[in-house]
$ cat structure_24.cif   # mmCIF, C-alpha atoms and all ligand atoms
data_query
#
loop_
_atom_site.label_atom_id
_atom_site.label_comp_id
_atom_site.auth_asym_id
_atom_site.auth_seq_id
_atom_site.Cartn_x
_atom_site.Cartn_y
_atom_site.Cartn_z
CA MET A 1 -17.34 -15.44 -28.56
CA SER A 2 -18.65 -15.16 -25.00
CA ILE A 3 -19.77 -18.08 -22.82
CA VAL A 4 -22.42 -17.32 -20.19
CA ARG A 5 -25.28 -19.29 -18.59
CA ASP A 6 -28.33 -17.67 -20.23
CA MET A 7 -28.65 -14.45 -22.24
CA ALA A 8 -32.32 -14.21 -21.23
CA LEU A 9 -31.10 -13.10 -17.77
CA ALA A 10 -29.50 -9.94 -19.18
CA LYS A 11 -32.40 -7.62 -18.26
CA ASP A 12 -31.99 -8.33 -14.52
CA GLY A 13 -28.23 -7.93 -14.87
CA HIS A 14 -28.59 -4.46 -16.44
CA ARG A 15 -30.79 -3.37 -13.52
CA LYS A 16 -28.23 -4.58 -10.98
CA ILE A 17 -25.38 -2.83 -12.80
CA ALA A 18 -27.38 0.42 -13.06
CA TRP A 19 -28.10 0.35 -9.30
CA ALA A 20 -24.43 -0.22 -8.46
CA ALA A 21 -23.24 2.44 -10.93
CA ALA A 22 -25.63 4.99 -9.44
CA HIS A 23 -23.83 4.50 -6.10
CA MET A 24 -20.29 4.67 -7.49
CA PRO A 25 -19.67 8.39 -8.08
CA VAL A 26 -15.86 8.17 -8.07
CA LEU A 27 -15.76 5.54 -10.79
CA SER A 28 -18.40 7.49 -12.73
CA ARG A 29 -16.17 10.55 -12.69
CA ILE A 30 -13.27 8.45 -13.98
CA ARG A 31 -15.58 7.06 -16.65
CA GLU A 32 -16.27 10.61 -17.88
CA GLU A 33 -12.52 11.31 -18.03
CA PHE A 34 -11.85 8.03 -19.85
CA GLU A 35 -14.61 8.74 -22.38
CA ARG A 36 -12.86 12.02 -23.20
CA THR A 37 -9.23 10.86 -23.15
CA LYS A 38 -9.50 7.18 -24.26
CA PRO A 39 -6.37 6.01 -22.33
CA PHE A 40 -6.78 2.39 -23.49
CA ALA A 41 -7.63 3.06 -27.15
CA GLY A 42 -7.23 -0.15 -29.15
CA LEU A 43 -5.73 -2.16 -26.25
CA ASN A 44 -6.91 -5.57 -25.04
CA VAL A 45 -7.61 -5.79 -21.31
CA ALA A 46 -8.18 -9.17 -19.59
CA ILE A 47 -9.97 -9.09 -16.24
CA CYS A 48 -10.33 -11.84 -13.63
CA LEU A 49 -12.54 -10.54 -10.79
CA HIS A 50 -15.61 -11.65 -8.87
CA LEU A 51 -18.17 -11.04 -11.59
CA GLU A 52 -20.98 -9.15 -9.92
CA ALA A 53 -22.58 -5.76 -10.59
CA LYS A 54 -19.81 -3.45 -9.32
CA THR A 55 -17.18 -5.41 -11.24
CA ALA A 56 -19.32 -5.19 -14.35
CA TYR A 57 -19.35 -1.43 -14.00
CA LEU A 58 -15.53 -1.39 -13.78
CA ALA A 59 -15.37 -3.46 -16.98
CA LYS A 60 -17.68 -0.95 -18.67
CA VAL A 61 -15.54 1.98 -17.52
CA ILE A 62 -12.39 0.41 -18.97
CA HIS A 63 -14.31 -0.34 -22.17
CA ALA A 64 -15.39 3.33 -22.23
CA GLY A 65 -11.67 4.16 -22.11
CA GLY A 66 -11.25 2.52 -25.52
CA ALA A 67 -10.24 -1.03 -24.52
CA ASN A 68 -11.49 -4.35 -25.83
CA VAL A 69 -12.33 -6.07 -22.56
CA ALA A 70 -12.50 -9.81 -21.83
CA ILE A 71 -13.60 -10.88 -18.36
CA THR A 72 -13.83 -14.06 -16.30
CA GLY A 73 -14.73 -14.76 -12.66
CA SER A 74 -12.10 -15.13 -9.94
CA ASN A 75 -13.99 -17.84 -8.04
CA PRO A 76 -16.18 -20.73 -9.27
CA LEU A 77 -19.07 -19.61 -7.03
CA SER A 78 -19.01 -15.80 -7.20
CA THR A 79 -20.24 -15.08 -10.74
CA GLN A 80 -23.77 -13.72 -11.05
CA ASP A 81 -25.22 -15.14 -14.28
CA ASP A 82 -27.57 -12.20 -14.95
CA VAL A 83 -24.71 -9.70 -14.65
CA ALA A 84 -22.51 -11.81 -16.94
CA ALA A 85 -25.25 -11.88 -19.60
CA ALA A 86 -25.78 -8.11 -19.39
CA LEU A 87 -22.08 -7.46 -19.93
CA VAL A 88 -22.15 -9.43 -23.19
CA GLU A 89 -24.87 -7.05 -24.44
CA ASP A 90 -22.63 -4.16 -23.39
CA GLY A 91 -19.92 -5.29 -25.80
CA ILE A 92 -17.61 -7.13 -23.35
CA THR A 93 -16.30 -10.64 -24.02
CA VAL A 94 -17.39 -12.77 -21.06
CA TYR A 95 -16.30 -16.27 -20.02
CA ALA A 96 -18.15 -16.75 -16.76
CA LYS A 97 -20.85 -18.85 -15.14
CA TYR A 98 -21.93 -19.50 -11.56
CA ASN A 99 -20.96 -22.90 -10.11
CA LEU A 100 -18.10 -24.00 -12.34
CA THR A 101 -16.10 -27.20 -11.96
CA ALA A 102 -12.37 -26.74 -11.35
CA ASP A 103 -11.68 -27.65 -15.00
CA GLU A 104 -14.26 -25.20 -16.36
CA TYR A 105 -12.90 -22.45 -14.13
CA LYS A 106 -9.39 -23.02 -15.45
CA ASP A 107 -10.59 -23.27 -19.04
CA PHE A 108 -12.26 -19.84 -18.71
CA LEU A 109 -9.05 -18.31 -17.33
CA ILE A 110 -7.18 -19.61 -20.35
CA LYS A 111 -9.84 -18.44 -22.80
CA THR A 112 -9.60 -14.96 -21.26
CA LEU A 113 -5.82 -14.99 -21.70
CA GLU A 114 -6.19 -16.17 -25.29
CA THR A 115 -7.67 -12.75 -26.13
CA GLU A 116 -3.98 -11.68 -26.05
CA PRO A 117 -4.19 -8.91 -23.46
CA ASP A 118 -1.95 -5.85 -23.31
CA LEU A 119 -3.07 -5.24 -19.73
CA ILE A 120 -4.61 -7.42 -17.02
CA ILE A 121 -6.53 -7.08 -13.77
CA ASP A 122 -6.44 -10.03 -11.36
CA ASP A 123 -8.04 -10.86 -8.00
CA GLY A 124 -6.32 -13.59 -6.03
CA GLY A 125 -3.58 -14.29 -8.59
CA ASP A 126 -5.10 -17.17 -10.58
CA LEU A 127 -4.88 -15.41 -13.96
CA VAL A 128 -1.21 -14.54 -13.45
CA ALA A 129 -0.39 -17.97 -11.96
CA ILE A 130 -1.89 -19.93 -14.84
CA LEU A 131 -0.22 -17.65 -17.36
CA HIS A 132 3.21 -18.20 -15.83
CA ALA A 133 2.71 -21.92 -15.16
CA GLU A 134 0.92 -23.07 -18.32
CA ARG A 135 0.70 -20.39 -21.02
CA PRO A 136 3.85 -18.21 -20.84
CA ASP A 137 3.47 -17.78 -24.63
CA LEU A 138 0.52 -15.46 -23.89
CA ALA A 139 2.66 -13.14 -21.71
CA LYS A 140 4.54 -11.65 -24.67
CA LYS A 141 2.20 -8.74 -25.28
CA ILE A 142 1.41 -7.98 -21.65
CA ARG A 143 2.61 -4.54 -20.51
CA GLY A 144 1.51 -5.01 -16.90
CA GLY A 145 -1.48 -5.13 -14.66
CA CYS A 146 -3.06 -4.72 -11.25
CA GLU A 147 -3.83 -7.15 -8.42
CA GLU A 148 -6.78 -6.63 -6.12
CA THR A 149 -6.22 -8.69 -3.00
CA THR A 150 -3.82 -9.70 -0.21
CA THR A 151 -3.66 -13.33 -1.38
CA GLY A 152 -2.82 -12.31 -4.94
CA ILE A 153 -0.07 -9.99 -3.79
CA ILE A 154 1.51 -12.75 -1.66
CA ARG A 155 1.58 -14.97 -4.77
CA LEU A 156 2.98 -12.18 -6.95
CA ARG A 157 5.76 -11.47 -4.46
CA ALA A 158 6.64 -15.19 -4.44
CA LEU A 159 6.89 -15.11 -8.28
CA GLU A 160 8.97 -11.93 -8.08
CA LYS A 161 11.30 -13.47 -5.47
CA GLU A 162 11.93 -16.46 -7.73
CA GLY A 163 12.80 -13.99 -10.53
CA LYS A 164 9.96 -15.34 -12.69
CA LEU A 165 7.48 -12.45 -12.82
CA ARG A 166 7.23 -11.43 -16.48
CA PHE A 167 5.70 -7.92 -16.20
CA PRO A 168 4.97 -5.22 -13.60
CA MET A 169 1.92 -5.63 -11.36
CA VAL A 170 0.46 -2.89 -9.17
CA ALA A 171 -0.49 -4.06 -5.65
CA VAL A 172 -3.87 -2.32 -5.38
CA ASN A 173 -4.63 -3.99 -2.03
CA ASP A 174 -1.79 -2.09 -0.38
CA ALA A 175 -3.22 1.35 -1.23
CA TYR A 176 -4.79 3.15 1.73
CA CYS A 177 -8.08 3.69 -0.12
CA LYS A 178 -8.25 -0.08 -0.62
CA HIS A 179 -7.40 -1.89 2.60
CA LEU A 180 -8.59 0.76 5.06
CA PHE A 181 -12.09 0.71 3.60
CA ASP A 182 -12.61 -2.38 1.40
CA ASN A 183 -10.88 -4.89 3.68
CA ARG A 184 -12.18 -3.39 6.92
CA TYR A 185 -15.61 -1.84 6.27
CA GLY A 186 -16.38 -3.79 3.09
CA THR A 187 -15.54 -7.22 4.48
CA GLY A 188 -16.98 -6.33 7.88
CA GLN A 189 -20.39 -5.56 6.42
CA SER A 190 -20.57 -8.02 3.52
CA VAL A 191 -19.48 -11.05 5.55
CA TRP A 192 -22.24 -10.58 8.13
CA ASP A 193 -24.67 -9.74 5.33
CA GLY A 194 -23.76 -13.07 3.66
CA ILE A 195 -24.03 -15.04 6.93
CA MET A 196 -27.32 -13.46 7.95
CA ARG A 197 -29.08 -13.75 4.59
CA THR A 198 -27.90 -17.37 4.24
CA THR A 199 -28.85 -18.56 7.74
CA ASN A 200 -31.65 -16.11 8.68
CA LEU A 201 -30.42 -16.48 12.30
CA VAL A 202 -29.79 -13.88 15.01
CA VAL A 203 -26.25 -12.75 15.83
CA ALA A 204 -27.02 -10.79 19.02
CA GLY A 205 -26.21 -12.68 22.19
CA LYS A 206 -24.19 -15.33 20.39
CA THR A 207 -20.44 -15.90 20.39
CA ALA A 208 -18.57 -15.10 17.18
CA VAL A 209 -15.03 -16.40 16.81
CA VAL A 210 -13.01 -14.39 14.27
CA VAL A 211 -9.93 -16.27 13.09
CA GLY A 212 -7.34 -13.69 12.00
CA TYR A 213 -7.04 -10.00 12.86
CA GLY A 214 -5.70 -8.39 9.69
CA TRP A 215 -7.68 -5.53 8.12
CA CYS A 216 -10.49 -7.93 7.12
CA GLY A 217 -10.57 -9.63 10.53
CA LYS A 218 -10.77 -6.22 12.22
CA GLY A 219 -13.85 -5.38 10.16
CA VAL A 220 -15.53 -8.73 10.79
CA ALA A 221 -14.90 -8.48 14.55
CA MET A 222 -16.05 -4.83 14.73
CA ARG A 223 -19.32 -5.55 12.94
CA ALA A 224 -19.96 -8.71 15.01
CA LYS A 225 -19.67 -6.56 18.13
CA GLY A 226 -22.05 -4.00 16.61
CA LEU A 227 -24.57 -6.78 15.96
CA GLY A 228 -24.50 -7.68 19.65
CA ALA A 229 -22.27 -10.74 19.60
CA ARG A 230 -19.68 -11.68 22.19
CA VAL A 231 -16.53 -11.63 20.04
CA ILE A 232 -13.44 -13.80 20.43
CA VAL A 233 -10.40 -13.20 18.21
CA THR A 234 -7.73 -15.81 17.51
CA GLU A 235 -4.35 -14.90 16.04
CA VAL A 236 -0.88 -16.29 15.37
CA ASP A 237 0.80 -12.87 15.31
CA PRO A 238 1.53 -11.65 18.86
CA ILE A 239 1.28 -7.97 17.89
CA LYS A 240 -2.10 -8.36 16.19
CA ALA A 241 -3.25 -10.42 19.19
CA ILE A 242 -2.47 -7.52 21.55
CA GLU A 243 -4.16 -5.10 19.12
CA ALA A 244 -7.33 -7.23 19.22
CA TYR A 245 -7.15 -7.37 23.03
CA MET A 246 -6.72 -3.58 23.30
CA ASP A 247 -9.60 -3.13 20.84
CA GLY A 248 -11.75 -4.83 23.47
CA PHE A 249 -12.00 -8.39 22.18
CA GLU A 250 -11.32 -11.61 24.02
CA VAL A 251 -8.21 -13.28 22.63
CA MET A 252 -7.39 -16.95 23.05
CA ALA A 253 -6.09 -20.00 21.18
CA LEU A 254 -8.56 -21.48 18.69
CA GLU A 255 -8.61 -24.79 20.58
CA GLU A 256 -9.94 -22.87 23.62
CA ALA A 257 -12.44 -20.92 21.51
CA ALA A 258 -13.71 -24.02 19.65
CA PRO A 259 -16.22 -25.11 22.34
CA LEU A 260 -17.46 -21.53 22.83
CA GLY A 261 -18.32 -20.31 19.33
CA ASP A 262 -21.75 -20.17 17.67
CA PHE A 263 -20.21 -18.60 14.54
CA PHE A 264 -16.66 -19.11 13.27
CA VAL A 265 -15.34 -16.84 10.52
CA THR A 266 -11.90 -17.42 8.99
CA VAL A 267 -10.13 -14.35 7.54
CA THR A 268 -6.47 -15.33 7.43
CA GLY A 269 -5.34 -16.03 3.85
CA ASN A 270 -3.82 -19.26 5.18
CA ALA A 271 -4.73 -22.95 4.89
CA SER A 272 -6.22 -25.37 7.43
CA CYS A 273 -6.84 -22.80 10.16
CA ILE A 274 -9.87 -24.71 11.44
CA ASP A 275 -9.33 -28.46 11.14
CA ALA A 276 -9.42 -31.82 12.97
CA ARG A 277 -7.89 -30.16 16.04
CA HIS A 278 -11.03 -28.04 16.43
CA PHE A 279 -14.15 -29.67 14.88
CA PRO A 280 -14.51 -32.37 17.59
CA LYS A 281 -14.57 -29.67 20.29
CA MET A 282 -17.34 -27.54 18.71
CA LYS A 283 -20.94 -27.15 19.90
CA ASP A 284 -23.89 -28.76 18.18
CA GLY A 285 -25.20 -26.24 15.62
CA ALA A 286 -22.02 -24.18 15.22
CA ILE A 287 -21.84 -22.26 11.94
CA LEU A 288 -18.63 -22.13 9.94
CA ALA A 289 -17.92 -19.47 7.33
CA ASN A 290 -14.84 -18.39 5.42
CA ALA A 291 -14.08 -14.89 4.19
CA GLY A 292 -10.56 -15.53 2.87
CA HIS A 293 -9.90 -15.76 -0.87
CA PHE A 294 -9.57 -19.56 -1.16
CA ASP A 295 -11.70 -22.37 0.29
CA VAL A 296 -8.74 -23.80 2.21
CA GLU A 297 -9.07 -22.00 5.54
CA ILE A 298 -11.69 -24.43 6.91
CA ASN A 299 -10.34 -27.92 6.25
CA LYS A 300 -13.23 -29.60 4.41
CA ASN A 301 -11.38 -32.92 4.08
CA ASP A 302 -11.00 -33.18 7.84
CA LEU A 303 -14.63 -32.20 8.34
CA ARG A 304 -15.81 -34.86 5.88
CA LYS A 305 -13.62 -37.54 7.49
CA LEU A 306 -14.99 -36.74 10.97
CA SER A 307 -18.62 -36.84 9.77
CA ARG A 308 -20.99 -39.77 9.49
CA SER A 309 -23.26 -37.88 7.07
CA VAL A 310 -23.25 -34.75 4.93
CA ARG A 311 -26.28 -33.08 3.36
CA GLU A 312 -27.46 -29.71 2.09
CA VAL A 313 -30.12 -28.38 4.47
CA ARG A 314 -30.75 -24.96 2.92
CA LYS A 315 -29.24 -23.10 -0.04
CA ASN A 316 -25.54 -22.60 0.71
CA ILE A 317 -25.71 -24.48 4.05
CA THR A 318 -24.15 -27.95 4.31
CA GLU A 319 -24.78 -29.94 7.46
CA TYR A 320 -21.95 -32.19 8.66
CA THR A 321 -23.10 -34.66 11.33
CA LEU A 322 -20.18 -35.83 13.46
CA GLU A 323 -19.92 -39.43 14.75
CA ASP A 324 -21.51 -38.48 18.10
CA GLY A 325 -24.48 -36.77 16.41
CA ARG A 326 -23.37 -33.13 16.79
CA ARG A 327 -24.05 -31.04 13.69
CA LEU A 328 -21.75 -28.39 12.19
CA TYR A 329 -22.98 -26.13 9.38
CA LEU A 330 -20.60 -25.00 6.64
CA LEU A 331 -21.71 -21.98 4.60
CA ALA A 332 -21.10 -21.64 0.84
CA ASP A 333 -18.94 -24.78 0.80
CA GLY A 334 -16.16 -22.85 2.54
CA ARG A 335 -15.89 -20.35 -0.35
CA LEU A 336 -15.78 -16.68 0.55
CA VAL A 337 -19.20 -16.23 2.11
CA ASN A 338 -19.72 -12.59 1.17
CA LEU A 339 -19.51 -13.31 -2.56
CA ALA A 340 -20.54 -16.96 -2.86
CA ALA A 341 -23.61 -16.35 -0.68
CA GLY A 342 -24.02 -12.60 -1.11
CA ASP A 343 -23.38 -9.66 -3.42
CA GLY A 344 -19.88 -8.76 -2.18
CA HIS A 345 -18.91 -5.45 -0.63
CA PRO A 346 -21.25 -2.44 -0.70
CA ALA A 347 -21.14 -0.32 -3.87
CA GLU A 348 -19.73 2.79 -2.18
CA ILE A 349 -16.76 0.75 -0.93
CA MET A 350 -16.05 -0.94 -4.26
CA ASP A 351 -16.27 2.54 -5.80
CA MET A 352 -12.93 3.44 -4.23
CA THR A 353 -11.35 0.04 -4.86
CA PHE A 354 -12.31 0.01 -8.52
CA ALA A 355 -11.35 3.66 -8.96
CA LEU A 356 -7.88 2.61 -7.78
CA GLN A 357 -7.95 -0.30 -10.25
CA ALA A 358 -8.91 1.96 -13.18
CA LEU A 359 -6.32 4.64 -12.39
CA SER A 360 -3.58 2.10 -11.59
CA LEU A 361 -4.21 0.35 -14.90
CA GLN A 362 -3.85 3.68 -16.68
CA TYR A 363 -0.65 4.33 -14.70
CA ILE A 364 0.95 0.99 -15.56
CA ASN A 365 0.02 1.41 -19.21
CA GLU A 366 1.81 4.76 -19.27
CA HIS A 367 4.85 3.71 -17.19
CA HIS A 368 5.39 -0.02 -17.89
CA GLY A 369 8.54 0.66 -19.86
CA GLU A 370 10.25 2.40 -16.93
CA VAL A 371 9.46 0.05 -14.05
CA GLY A 372 10.44 -3.49 -15.09
CA PRO A 373 8.85 -6.78 -14.01
CA ARG A 374 8.15 -6.22 -10.32
CA VAL A 375 5.39 -5.67 -7.80
CA LEU A 376 4.71 -1.94 -7.47
CA GLU A 377 2.82 0.19 -4.99
CA VAL A 378 -0.09 2.32 -6.10
CA PRO A 379 1.44 5.82 -6.43
CA TYR A 380 0.43 7.91 -3.41
CA ALA A 381 -0.89 10.63 -5.74
CA ILE A 382 -3.48 8.15 -7.11
CA ASP A 383 -4.48 7.10 -3.57
CA GLN A 384 -4.98 10.77 -2.65
CA GLN A 385 -6.86 11.51 -5.87
CA VAL A 386 -9.35 8.71 -5.12
CA ALA A 387 -9.79 10.00 -1.55
CA ARG A 388 -10.37 13.55 -2.81
CA TYR A 389 -12.91 12.42 -5.41
CA MET A 390 -14.68 10.46 -2.66
CA LEU A 391 -14.75 13.44 -0.29
CA GLU A 392 -16.15 15.60 -3.09
CA ALA A 393 -18.83 13.02 -3.82
CA LEU A 394 -19.69 13.02 -0.09
CA GLY A 395 -19.80 16.83 -0.06
CA ILE A 396 -17.08 17.01 2.60
CA ARG A 397 -14.54 19.85 2.56
CA ILE A 398 -11.29 19.42 4.50
CA ASP A 399 -8.60 21.88 5.63
CA GLU A 400 -5.34 22.66 3.82
CA LEU A 401 -1.94 23.27 5.36
CA THR A 402 -0.91 26.91 5.42
CA ASP A 403 2.52 27.80 3.94
CA ALA A 404 3.80 28.37 7.48
CA GLN A 405 2.62 24.90 8.53
CA LYS A 406 4.32 23.32 5.50
CA ARG A 407 7.58 25.10 6.40
CA TYR A 408 7.22 23.95 10.04
CA LEU A 409 6.89 20.32 8.94
CA GLU A 410 10.04 20.61 6.84
CA SER A 411 12.25 22.25 9.47
CA TRP A 412 14.49 20.64 12.09
CA LYS A 413 15.53 23.63 14.19
CA VAL A 414 14.32 23.92 17.80
N1 LIG A 501 -16.96 -7.40 -5.54
C1 LIG A 501 -16.11 -7.54 -6.57
N2 LIG A 501 -14.90 -7.90 -6.16
C2 LIG A 501 -14.98 -8.01 -4.81
C3 LIG A 501 -14.05 -8.36 -3.80
N3 LIG A 501 -12.79 -8.67 -4.08
N4 LIG A 501 -14.49 -8.40 -2.53
C4 LIG A 501 -15.78 -8.11 -2.25
N5 LIG A 501 -16.68 -7.73 -3.13
C5 LIG A 501 -16.30 -7.69 -4.42
#
$ encode --input "structure_24.cif" --output "structure tokens"
Amino acid sequence: MSIVRDMALAKDGHRKIAWAAAHMPVLSRIREEFERTKPFAGLNVAICLHLEAKTAYLAKVIHAGGANVAITGSNPLSTQDDVAAALVEDGITVYAKYNLTADEYKDFLIKTLETEPDLIIDDGGDLVAILHAERPDLAKKIRGGCEETTTGIIRLRALEKEGKLRFPMVAVNDAYCKHLFDNRYGTGQSVWDGIMRTTNLVVAGKTAVVVGYGWCGKGVAMRAKGLGARVIVTEVDPIKAIEAYMDGFEVMALEEAAPLGDFFVTVTGNASCIDARHFPKMKDGAILANAGHFDVEINKNDLRKLSRSVREVRKNITEYTLEDGRRLYLLADGRLVNLAAGDGHPAEIMDMTFALQALSLQYINEHHGEVGPRVLEVPYAIDQQVARYMLEALGIRIDELTDAQKRYLESWKV
């Protein structure tokens, strides 16, 4: 029995899902294959992802492949209530609402696991973590699953290292068709979309400080530059710091960047990146946003302790007034700004990511017996298949190696 905010919202949700689906040709092609071949016939699939329109379409594609699907959100602030309601009408079991308390969020994860899945899809690792920590009894049936994001893969590898991982998990984030496009172009666009629609302020001419220069940080910095900002990158990894410098960005320690930034965006996957060392140095009016999976990158405790008052000044904007009267503005309560204050990545980007999810889930269902409980890469053939489907959808033809070129690449003689 599903739990959603309001079934009367379903009509709007169906429209959003239809719009997304119409811009996801790769996943639509996989849907047609799944409808024919029913790779998940009779299986239970539990999904924990940011529940918005593109995710809903993935759930429908897996359902079309014969699965009974149960879904919950992977963040207390990223579920869209209209989309959740529409999915219930589409025959999916949904435990998801926008703006959950920590207890409700956890309760929904457990309810989703109580559907006794054969396969799972996770984003950020909460479903797998709670299963291993609190409900290992529900792991018995699980053949394996897929993980969407960098943070989730770090947690899975920690479980694997301790010898505790109970089933194989495919690291979807590490596929080329995921991180090259989703992390870079998806995050790059959706983060600035979230910041701009939330603040309605100009980016051009301002200074944007991007904290972290992984694939997501690269995208956020690149798009900030395109919007006309002066961009400063901060890093802890010396190699990534040089990469950012060679890519044309200013690179400095965050304590030096703190007084300069108009916008700060954290994209590190780590905790307390902006904290009491930095807030007192910032300008009046500085805007703080996080794009990492958890709301730990901007230290909200430190910010609260340094403030004499806190109030919401606009939807998803909290004003923290420091003791000396300077005001700092935190977006979306430090939750990932592109989903908690936006619609997530563009549909064409999530098309490739969710195509990888669907095909990797099929792969792990077919091969779980051979691989054992470990973190696996997406097979390169699946990565290439998704890229080829995408090129076909774009109407782009590429060259092929001739036989002579293949032989050349395999030879060692001078
Ligand atoms: N939409 C659904 N899942 C998402 C994710 N992990 N990042 C951005 N947009 C999304």
$ axis_aligned_box --input "structure_24.cif" --around "ligand LIG 501 (chain A)" --padding-each-side "5 Å" --output "lines of an AutoDock Vina configuration file"
center_x = -14.9
center_y = -8.0
center_z = -4.4
size_x = 14.2
size_y = 11.3
size_z = 14.3
$ residues_near_ligand --input "structure_24.cif" --ligand "ligand LIG 501 (chain A)" --cutoff "6 Å" --atoms "only C-alpha atoms and all ligand atoms" --output "ChimeraX atom specification"
/A:49-50,55,344-345
$ residues_around --input "structure_24.cif" --residues "Arg36 (chain A)" --least-positions-apart "5" --cutoff "10 Å" --atoms "only C-alpha atoms" --output "VMD selection string"
chain A and resid 30 to 31 64 to 66
$ residues_around --input "structure_24.cif" --residues "Gly91 (chain A)" --least-positions-apart "4" --cutoff "9 Å" --atoms "all atoms listed in the file" --output "VMD selection string"
chain A and resid 60 63 68 to 69 87
$ residues_around --input "structure_24.cif" --residues "region 304-316 of chain A" --least-positions-apart "4" --cutoff "6 Å" --atoms "only C-alpha atoms" --output "count of residues only"
6
$ closest_atom_pairs --input "structure_24.cif" --of "region 154-198 of chain A" --to "region 370-376 of chain A" --cutoff "10 Å" --atoms "all atoms listed in the file" --output "Markdown table"
| residue | atom | partner | partner_atom | distance |
| --- | --- | --- | --- | --- |
| A:Leu156 | CA | A:Val375 | CA | 7.0 |
| A:Arg157 | CA | A:Val375 | CA | 6.7 |
| A:Leu159 | CA | A:Arg374 | CA | 9.2 |
| A:Glu160 | CA | A:Arg374 | CA | 6.2 |
| A:Lys161 | CA | A:Arg374 | CA | 9.3 |
| A:Gly163 | CA | A:Pro373 | CA | 8.9 |
| A:Lys164 | CA | A:Pro373 | CA | 8.7 |
| A:Leu165 | CA | A:Pro373 | CA | 6.0 |
| A:Arg166 | CA | A:Pro373 | CA | 5.5 |
| A:Phe167 | CA | A:Pro373 | CA | 4.0 |
| A:Pro168 | CA | A:Pro373 | CA | 4.2 |
| A:Met169 | CA | A:Val375 | CA | 5.0 |
| A:Val170 | CA | A:Leu376 | CA | 4.7 |
| A:Ala171 | CA | A:Leu376 | CA | 5.9 |
| A:Val172 | CA | A:Leu376 | CA | 8.8 |
| A:Asp174 | CA | A:Leu376 | CA | 9.6 |
$ atom_distance --input "structure_24.cif" --atom1 "CA of Arg135 (chain A)" --atom2 "CA of Ile3 (chain A)"
20.7 Å
$ decode --input "structure_24.cif" --residues "region 138-142 of chain A" --atoms "all heavy atoms" --output "PDB file, in the first residue's frame"
ATOM      1  N   LEU A 138      16.400  -8.896   5.542  1.00  0.00           N
ATOM      2  CA  LEU A 138      15.762  -8.620   4.250  1.00  0.00           C
ATOM      3  C   LEU A 138      16.743  -8.754   3.083  1.00  0.00           C
ATOM      4  O   LEU A 138      16.386  -8.516   1.936  1.00  0.00           O
ATOM      5  CB  LEU A 138      15.134  -7.221   4.260  1.00  0.00           C
ATOM      6  CG  LEU A 138      13.983  -7.057   5.259  1.00  0.00           C
ATOM      7  CD1 LEU A 138      13.543  -5.607   5.354  1.00  0.00           C
ATOM      8  CD2 LEU A 138      12.795  -7.931   4.872  1.00  0.00           C
ATOM      9  N   ALA A 139      17.994  -9.122   3.380  1.00  0.00           N
ATOM     10  CA  ALA A 139      19.003  -9.254   2.309  1.00  0.00           C
ATOM     11  C   ALA A 139      18.961 -10.643   1.670  1.00  0.00           C
ATOM     12  O   ALA A 139      19.525 -10.850   0.601  1.00  0.00           O
ATOM     13  CB  ALA A 139      20.391  -8.982   2.861  1.00  0.00           C
ATOM     14  N   LYS A 140      18.262 -11.575   2.317  1.00  0.00           N
ATOM     15  CA  LYS A 140      18.330 -12.986   1.889  1.00  0.00           C
ATOM     16  C   LYS A 140      18.021 -13.197   0.409  1.00  0.00           C
ATOM     17  O   LYS A 140      18.685 -13.938  -0.286  1.00  0.00           O
ATOM     18  CB  LYS A 140      17.336 -13.816   2.735  1.00  0.00           C
ATOM     19  CG  LYS A 140      17.977 -14.372   3.995  1.00  0.00           C
ATOM     20  CD  LYS A 140      17.015 -15.271   4.729  1.00  0.00           C
ATOM     21  CE  LYS A 140      16.278 -14.567   5.759  1.00  0.00           C
ATOM     22  NZ  LYS A 140      15.123 -14.355   6.245  1.00  0.00           N
ATOM     23  N   LYS A 141      16.969 -12.522  -0.049  1.00  0.00           N
ATOM     24  CA  LYS A 141      16.519 -12.745  -1.428  1.00  0.00           C
ATOM     25  C   LYS A 141      17.307 -11.946  -2.464  1.00  0.00           C
ATOM     26  O   LYS A 141      17.206 -12.204  -3.654  1.00  0.00           O
ATOM     27  CB  LYS A 141      15.045 -12.307  -1.531  1.00  0.00           C
ATOM     28  CG  LYS A 141      14.051 -13.449  -1.499  1.00  0.00           C
ATOM     29  CD  LYS A 141      12.635 -12.898  -1.691  1.00  0.00           C
ATOM     30  CE  LYS A 141      12.267 -12.765  -3.155  1.00  0.00           C
ATOM     31  NZ  LYS A 141      11.035 -12.000  -3.372  1.00  0.00           N
ATOM     32  N   ILE A 142      18.052 -10.944  -1.983  1.00  0.00           N
ATOM     33  CA  ILE A 142      18.620  -9.979  -2.946  1.00  0.00           C
ATOM     34  C   ILE A 142      19.741 -10.602  -3.790  1.00  0.00           C
ATOM     35  O   ILE A 142      20.716 -11.126  -3.267  1.00  0.00           O
ATOM     36  CB  ILE A 142      19.127  -8.710  -2.216  1.00  0.00           C
ATOM     37  CG1 ILE A 142      17.940  -8.014  -1.541  1.00  0.00           C
ATOM     38  CG2 ILE A 142      19.814  -7.752  -3.194  1.00  0.00           C
ATOM     39  CD1 ILE A 142      18.284  -6.737  -0.802  1.00  0.00           C
TER      40      ILE A 142
END
